[in-house]
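Asks: Structure file start-v9.json, JSON, C-alpha atoms, is pasted below:
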[["chain", "number", "residue", "atom", "x", "y", "z"],
["Z", 1, "MET", "CA", 46.49, 40.84, 38.59],
["Z", 2, "ASP", "CA", 44.22, 43.59, 39.95],
["Z", 3, "ASP", "CA", 46.41, 43.94, 43.04],
["Z", 4, "ILE", "CA", 49.55, 44.11, 40.91],
["Z", 5, "ALA", "CA", 48.05, 46.74, 38.64],
["Z", 6, "GLU", "CA", 46.97, 48.81, 41.63],
["Z", 7, "ALA", "CA", 50.38, 48.54, 43.31],
["Z", 8, "ALA", "CA", 52.08, 49.55, 40.06],
["Z", 9, "GLY", "CA", 49.67, 52.43, 39.48],
["Z", 10, "VAL", "CA", 48.51, 51.11, 36.11],
["Z", 11, "THR", "CA", 45.37, 49.51, 34.76],
["Z", 12, "ARG", "CA", 44.83, 45.78, 34.68],
["Z", 13, "GLN", "CA", 44.87, 45.99, 30.87],
["Z", 14, "THR", "CA", 48.37, 47.47, 31.00],
["Z", 15, "VAL", "CA", 49.57, 44.55, 33.11],
["Z", 16, "TYR", "CA", 48.01, 42.10, 30.64],
["Z", 17, "ALA", "CA", 49.60, 43.95, 27.73],
["Z", 18, "HIS", "CA", 53.00, 43.02, 29.15],
["Z", 19, "TYR", "CA", 52.14, 39.70, 30.81],
["Z", 20, "SER", "CA", 49.35, 37.67, 29.26],
["Z", 21, "SER", "CA", 48.83, 35.51, 32.35],
["Z", 22, "ARG", "CA", 49.55, 35.34, 36.04],
["Z", 23, "GLU", "CA", 51.95, 32.45, 35.42],
["Z", 24, "ILE", "CA", 53.98, 34.47, 32.91],
["Z", 25, "LEU", "CA", 54.15, 37.41, 35.31],
["Z", 26, "LEU", "CA", 55.26, 35.13, 38.17],
["Z", 27, "GLY", "CA", 57.86, 33.57, 35.88],
["Z", 28, "ALA", "CA", 59.26, 37.03, 35.11],
["Z", 29, "VAL", "CA", 59.43, 37.83, 38.84],
["Z", 30, "VAL", "CA", 61.18, 34.53, 39.56],
["Z", 31, "ASP", "CA", 63.66, 35.18, 36.73],
["Z", 32, "LEU", "CA", 64.43, 38.63, 38.15],
["Z", 33, "ALA", "CA", 64.83, 37.23, 41.65],
["Z", 34, "THR", "CA", 67.11, 34.50, 40.33],
["Z", 35, "ARG", "CA", 69.34, 37.13, 38.75],
["Z", 36, "GLU", "CA", 69.39, 39.06, 42.05],
["Z", 37, "ALA", "CA", 70.18, 35.89, 44.01],
["Z", 38, "LEU", "CA", 73.00, 35.04, 41.61],
["Z", 39, "ALA", "CA", 74.49, 38.50, 42.05],
["Z", 40, "ALA", "CA", 74.33, 38.11, 45.84],
["Z", 41, "ILE", "CA", 75.84, 34.62, 45.66],
["Z", 42, "ASP", "CA", 78.62, 35.83, 43.39],
["Z", 43, "ALA", "CA", 79.29, 38.70, 45.79],
["Z", 44, "ALA", "CA", 79.62, 36.13, 48.60],
["Z", 45, "ASP", "CA", 82.80, 34.89, 46.90],
["Z", 46, "LEU", "CA", 82.28, 31.15, 47.35],
["Z", 47, "ASP", "CA", 85.89, 30.42, 46.36],
["Z", 48, "ARG", "CA", 87.22, 32.25, 49.43],
["Z", 49, "GLY", "CA", 87.98, 30.52, 52.72],
["Z", 50, "PRO", "CA", 86.98, 27.13, 54.06],
["Z", 51, "ALA", "CA", 84.07, 25.46, 52.28],
["Z", 52, "PRO", "CA", 81.78, 25.40, 55.36],
["Z", 53, "GLU", "CA", 82.16, 29.17, 55.76],
["Z", 54, "ALA", "CA", 81.48, 29.67, 52.05],
["Z", 55, "LEU", "CA", 78.40, 27.43, 52.36],
["Z", 56, "VAL", "CA", 77.03, 29.65, 55.13],
["Z", 57, "ARG", "CA", 77.64, 32.71, 52.92],
["Z", 58, "PHE", "CA", 75.81, 30.92, 50.08],
["Z", 59, "LEU", "CA", 72.85, 30.14, 52.34],
["Z", 60, "ASP", "CA", 72.72, 33.68, 53.70],
["Z", 61, "ALA", "CA", 72.85, 35.22, 50.22],
["Z", 62, "SER", "CA", 70.11, 32.90, 48.99],
["Z", 63, "TRP", "CA", 68.00, 33.51, 52.07],
["Z", 64, "GLN", "CA", 68.17, 37.29, 51.64],
["Z", 65, "THR", "CA", 66.39, 36.93, 48.30],
["Z", 66, "LEU", "CA", 63.76, 34.57, 49.71],
["Z", 67, "GLU", "CA", 63.18, 36.82, 52.69],
["Z", 68, "ARG", "CA", 62.77, 39.88, 50.48],
["Z", 69, "LEU", "CA", 60.46, 38.06, 48.05],
["Z", 70, "PRO", "CA", 58.65, 35.36, 50.07],
["Z", 71, "LEU", "CA", 56.34, 34.61, 47.15],
["Z", 72, "LEU", "CA", 59.29, 32.91, 45.46],
["Z", 73, "GLY", "CA", 59.38, 30.05, 47.92],
["Z", 74, "ARG", "CA", 55.70, 29.35, 47.42],
["Z", 75, "HIS", "CA", 55.95, 29.71, 43.63],
["Z", 76, "ALA", "CA", 58.96, 27.39, 43.42],
["Z", 77, "ALA", "CA", 57.23, 24.78, 45.55],
["Z", 78, "ALA", "CA", 54.19, 24.89, 43.25],
["Z", 79, "ALA", "CA", 56.19, 24.80, 40.00],
["Z", 80, "SER", "CA", 56.51, 21.65, 37.96],
["Z", 81, "PRO", "CA", 59.75, 19.70, 38.61],
["Z", 82, "PRO", "CA", 61.32, 20.47, 35.19],
["Z", 83, "GLU", "CA", 60.46, 24.19, 35.47],
["Z", 84, "GLU", "CA", 61.73, 24.35, 39.06],
["Z", 85, "HIS", "CA", 64.96, 22.56, 38.12],
["Z", 86, "ALA", "CA", 65.61, 24.95, 35.22],
["Z", 87, "ARG", "CA", 65.05, 27.99, 37.46],
["Z", 88, "HIS", "CA", 67.36, 26.62, 40.17],
["Z", 89, "GLN", "CA", 70.10, 25.52, 37.76],
["Z", 90, "PRO", "CA", 72.23, 28.71, 37.74],
["Z", 91, "VAL", "CA", 72.24, 28.72, 41.54],
["Z", 92, "LEU", "CA", 72.93, 24.99, 41.70],
["Z", 93, "ASP", "CA", 75.84, 25.34, 39.28],
["Z", 94, "ARG", "CA", 77.56, 27.58, 41.81],
["Z", 95, "LEU", "CA", 76.69, 25.32, 44.73],
["Z", 96, "VAL", "CA", 77.94, 22.12, 43.09],
["Z", 97, "THR", "CA", 81.35, 23.71, 42.59],
["Z", 98, "LEU", "CA", 81.43, 24.56, 46.29],
["Z", 99, "VAL", "CA", 80.26, 21.06, 47.27],
["Z", 100, "ARG", "CA", 82.99, 19.42, 45.23],
["Z", 101, "ARG", "CA", 85.60, 21.75, 46.73],
["Z", 102, "GLY", "CA", 84.38, 20.94, 50.23],
["Z", 103, "GLN", "CA", 84.36, 17.21, 49.57],
["Z", 104, "GLN", "CA", 87.88, 17.29, 48.12],
["Z", 105, "ALA", "CA", 89.09, 19.18, 51.20],
["Z", 106, "GLY", "CA", 87.36, 16.71, 53.52],
["Z", 107, "ASP", "CA", 85.04, 19.42, 54.90],
["Z", 108, "PHE", "CA", 81.86, 17.82, 53.50],
["Z", 109, "ASP", "CA", 80.74, 14.19, 53.59],
["Z", 110, "ARG", "CA", 82.34, 12.39, 50.63],
["Z", 111, "GLU", "CA", 79.88, 9.50, 50.75],
["Z", 112, "LEU", "CA", 76.95, 11.67, 49.71],
["Z", 113, "SER", "CA", 76.73, 12.60, 46.05],
["Z", 114, "PRO", "CA", 76.83, 16.28, 45.14],
["Z", 115, "GLY", "CA", 73.45, 15.88, 43.42],
["Z", 116, "TRP", "CA", 71.88, 14.55, 46.59],
["Z", 117, "LEU", "CA", 73.36, 17.34, 48.68],
["Z", 118, "LEU", "CA", 72.03, 19.93, 46.24],
["Z", 119, "ALA", "CA", 68.54, 18.39, 46.27],
["Z", 120, "ALA", "CA", 68.57, 18.30, 50.07],
["Z", 121, "THR", "CA", 69.67, 21.94, 50.22],
["Z", 122, "VAL", "CA", 66.82, 23.03, 47.93],
["Z", 123, "ALA", "CA", 64.28, 20.99, 49.90],
["Z", 124, "LEU", "CA", 65.47, 22.42, 53.21],
["Z", 125, "GLY", "CA", 65.35, 25.93, 51.75],
["Z", 126, "HIS", "CA", 61.75, 25.40, 50.65],
["Z", 127, "THR", "CA", 60.88, 24.03, 54.08],
["Z", 128, "ALA", "CA", 62.39, 27.09, 55.77],
["Z", 129, "ALA", "CA", 60.44, 29.41, 53.46],
["Z", 130, "GLU", "CA", 57.24, 27.48, 54.14],
["Z", 131, "GLN", "CA", 57.77, 27.75, 57.90],
["Z", 132, "VAL", "CA", 58.00, 31.53, 57.54],
["Z", 133, "ALA", "CA", 55.03, 31.71, 55.16],
["Z", 134, "THR", "CA", 52.81, 29.83, 57.62],
["Z", 135, "GLY", "CA", 54.00, 31.87, 60.59],
["Z", 136, "ALA", "CA", 55.55, 28.84, 62.30],
["Z", 137, "MET", "CA", 58.97, 30.57, 62.42],
["Z", 138, "THR", "CA", 60.34, 34.05, 62.07],
["Z", 139, "PRO", "CA", 62.68, 34.67, 59.14],
["Z", 140, "GLY", "CA", 65.64, 34.75, 61.53],
["Z", 141, "GLU", "CA", 64.67, 31.45, 63.14],
["Z", 142, "ALA", "CA", 64.18, 29.82, 59.77],
["Z", 143, "ASN", "CA", 67.52, 31.08, 58.46],
["Z", 144, "ARG", "CA", 69.38, 29.80, 61.55],
["Z", 145, "SER", "CA", 67.61, 26.44, 61.33],
["Z", 146, "LEU", "CA", 68.36, 26.21, 57.61],
["Z", 147, "ARG", "CA", 72.06, 26.85, 58.21],
["Z", 148, "THR", "CA", 72.25, 24.27, 60.99],
["Z", 149, "ALA", "CA", 70.33, 21.62, 59.05],
["Z", 150, "VAL", "CA", 72.33, 22.06, 55.85],
["Z", 151, "LEU", "CA", 75.67, 21.99, 57.67],
["Z", 152, "ARG", "CA", 74.62, 18.79, 59.43],
["Z", 153, "VAL", "CA", 73.45, 17.18, 56.19],
["Z", 154, "TYR", "CA", 76.81, 18.04, 54.63],
["Z", 155, "GLY", "CA", 78.55, 16.37, 57.58],
["Z", 156, "VAL", "CA", 80.24, 19.52, 58.84],
["Z", 157, "GLN", "CA", 81.85, 18.77, 62.19],
["Z", 158, "GLY", "CA", 80.71, 21.02, 65.02],
["Z", 159, "ALA", "CA", 77.54, 22.24, 63.25],
["Z", 160, "GLY", "CA", 75.77, 23.60, 66.31],
["Z", 161, "GLY", "CA", 72.10, 24.04, 67.09],
["Z", 162, "ALA", "CA", 69.96, 26.82, 65.67]]
Mind turning this structure into structure tokens?

Replies:
Amino acid sequence: MDDIAEAAGVTRQTVYAHYSSREILLGAVVDLATREALAAIDAADLDRGPAPEALVRFLDASWQTLERLPLLGRHAAAASPPEEHARHQPVLDRLVTLVRRGQQAGDFDRELSPGWLLAATVALGHTAAEQVATGAMTPGEANRSLRTAVLRVYGVQGAGGA
């Protein structure tokens, strides 16, 4: 909280006047980032073009938010499952629509449930963010690997290497 107050140019008491705990402040940051990610995802126009191309746009839009705010990946990984699910839900609502469209078109594996594909996508996204956070990969490497892994999980034909 001291670091946040200093970065904002206010006193620690001012920060606490608005956010009574670190967890509440982090929750507010995650909520803001979720709104930003949703705006980026909506701008990616997931209803346009083939589903695999829209999936890549979805991943890129989501990754831009994680890359800009790397704390989010660590916070989401540490959050309780119900809290994490609630925070991901608006993003997942958009993704499930895309998954169903891709499965109906035969672009995505029809044998895998949409729920499983969504859970795998979230887990792979967290893994990519963790690889960047630990310095094991650059953001660009992690984003390329995330794209490749998700496309393969979805059964996209011709999903090349990262």

Asks: Please write as number ranges by chain the list of polymer residues whose atoms come within 12 Å of (61.2, 35.7, 54.8), counting only C-alpha atoms and keeping to the coordinates of the file.

Replies: Z: 60, 62-74, 125-143

Asks: Centre and edge lengths, as lines of an AutoDock Vina configuration file, for the axis-aligned box enclosing every listed atom of range 84-94 of chain Z with 8 Å of padding on each of the six sides, in Å to one decimal?

Replies:
center_x = 69.6
center_y = 25.6
center_z = 38.5
size_x = 31.8
size_y = 22.2
size_z = 22.6

Asks: Which residues come within 8 Å of range 89-101 of chain Z, counting only C-alpha atoms, excluding same-chain residues fewer than 4 positions away, as a list in words?

Replies: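 Listed by chain and then number, they are Thr34, Ala37, Leu38, Leu46, Asp47, Ala51, Ala54, Leu55, Phe58, His85, Ala105, Phe108, Pro114, Gly115, Leu117 and Leu118 of chain Z.
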
Asks: Let's have the selection written as a PDB file, in the frame of the given file, with C-alpha atoms.

Replies:
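Writing the result to out_37.pdb gives the following:
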ATOM      1  CA  THR Z  34      67.110  34.500  40.330  1.00  0.00           C
ATOM      2  CA  ALA Z  37      70.180  35.890  44.010  1.00  0.00           C
ATOM      3  CA  LEU Z  38      73.000  35.040  41.610  1.00  0.00           C
ATOM      4  CA  LEU Z  46      82.280  31.150  47.350  1.00  0.00           C
ATOM      5  CA  ASP Z  47      85.890  30.420  46.360  1.00  0.00           C
ATOM      6  CA  ALA Z  51      84.070  25.460  52.280  1.00  0.00           C
ATOM      7  CA  ALA Z  54      81.480  29.670  52.050  1.00  0.00           C
ATOM      8  CA  LEU Z  55      78.400  27.430  52.360  1.00  0.00           C
ATOM      9  CA  PHE Z  58      75.810  30.920  50.080  1.00  0.00           C
ATOM     10  CA  HIS Z  85      64.960  22.560  38.120  1.00  0.00           C
ATOM     11  CA  ALA Z 105      89.090  19.180  51.200  1.00  0.00           C
ATOM     12  CA  PHE Z 108      81.860  17.820  53.500  1.00  0.00           C
ATOM     13  CA  PRO Z 114      76.830  16.280  45.140  1.00  0.00           C
ATOM     14  CA  GLY Z 115      73.450  15.880  43.420  1.00  0.00           C
ATOM     15  CA  LEU Z 117      73.360  17.340  48.680  1.00  0.00           C
ATOM     16  CA  LEU Z 118      72.030  19.930  46.240  1.00  0.00           C
TER      17      LEU Z 118
END

Asks: For CA of Val30 in chain Z and CA of Arg87 in chain Z, quote the distance in Å rounded to one decimal.

Replies: 7.9 Å

Asks: Determine the nearest neighbour of Asp107 in chain Z from the options Z:Thr121, Z:Thr11, Z:Ser20, Z:Gln157, counting all atoms listed in the file.

Replies: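 Of the candidates, the smallest distance to Asp107 in chain Z is held by Z:Gln157.
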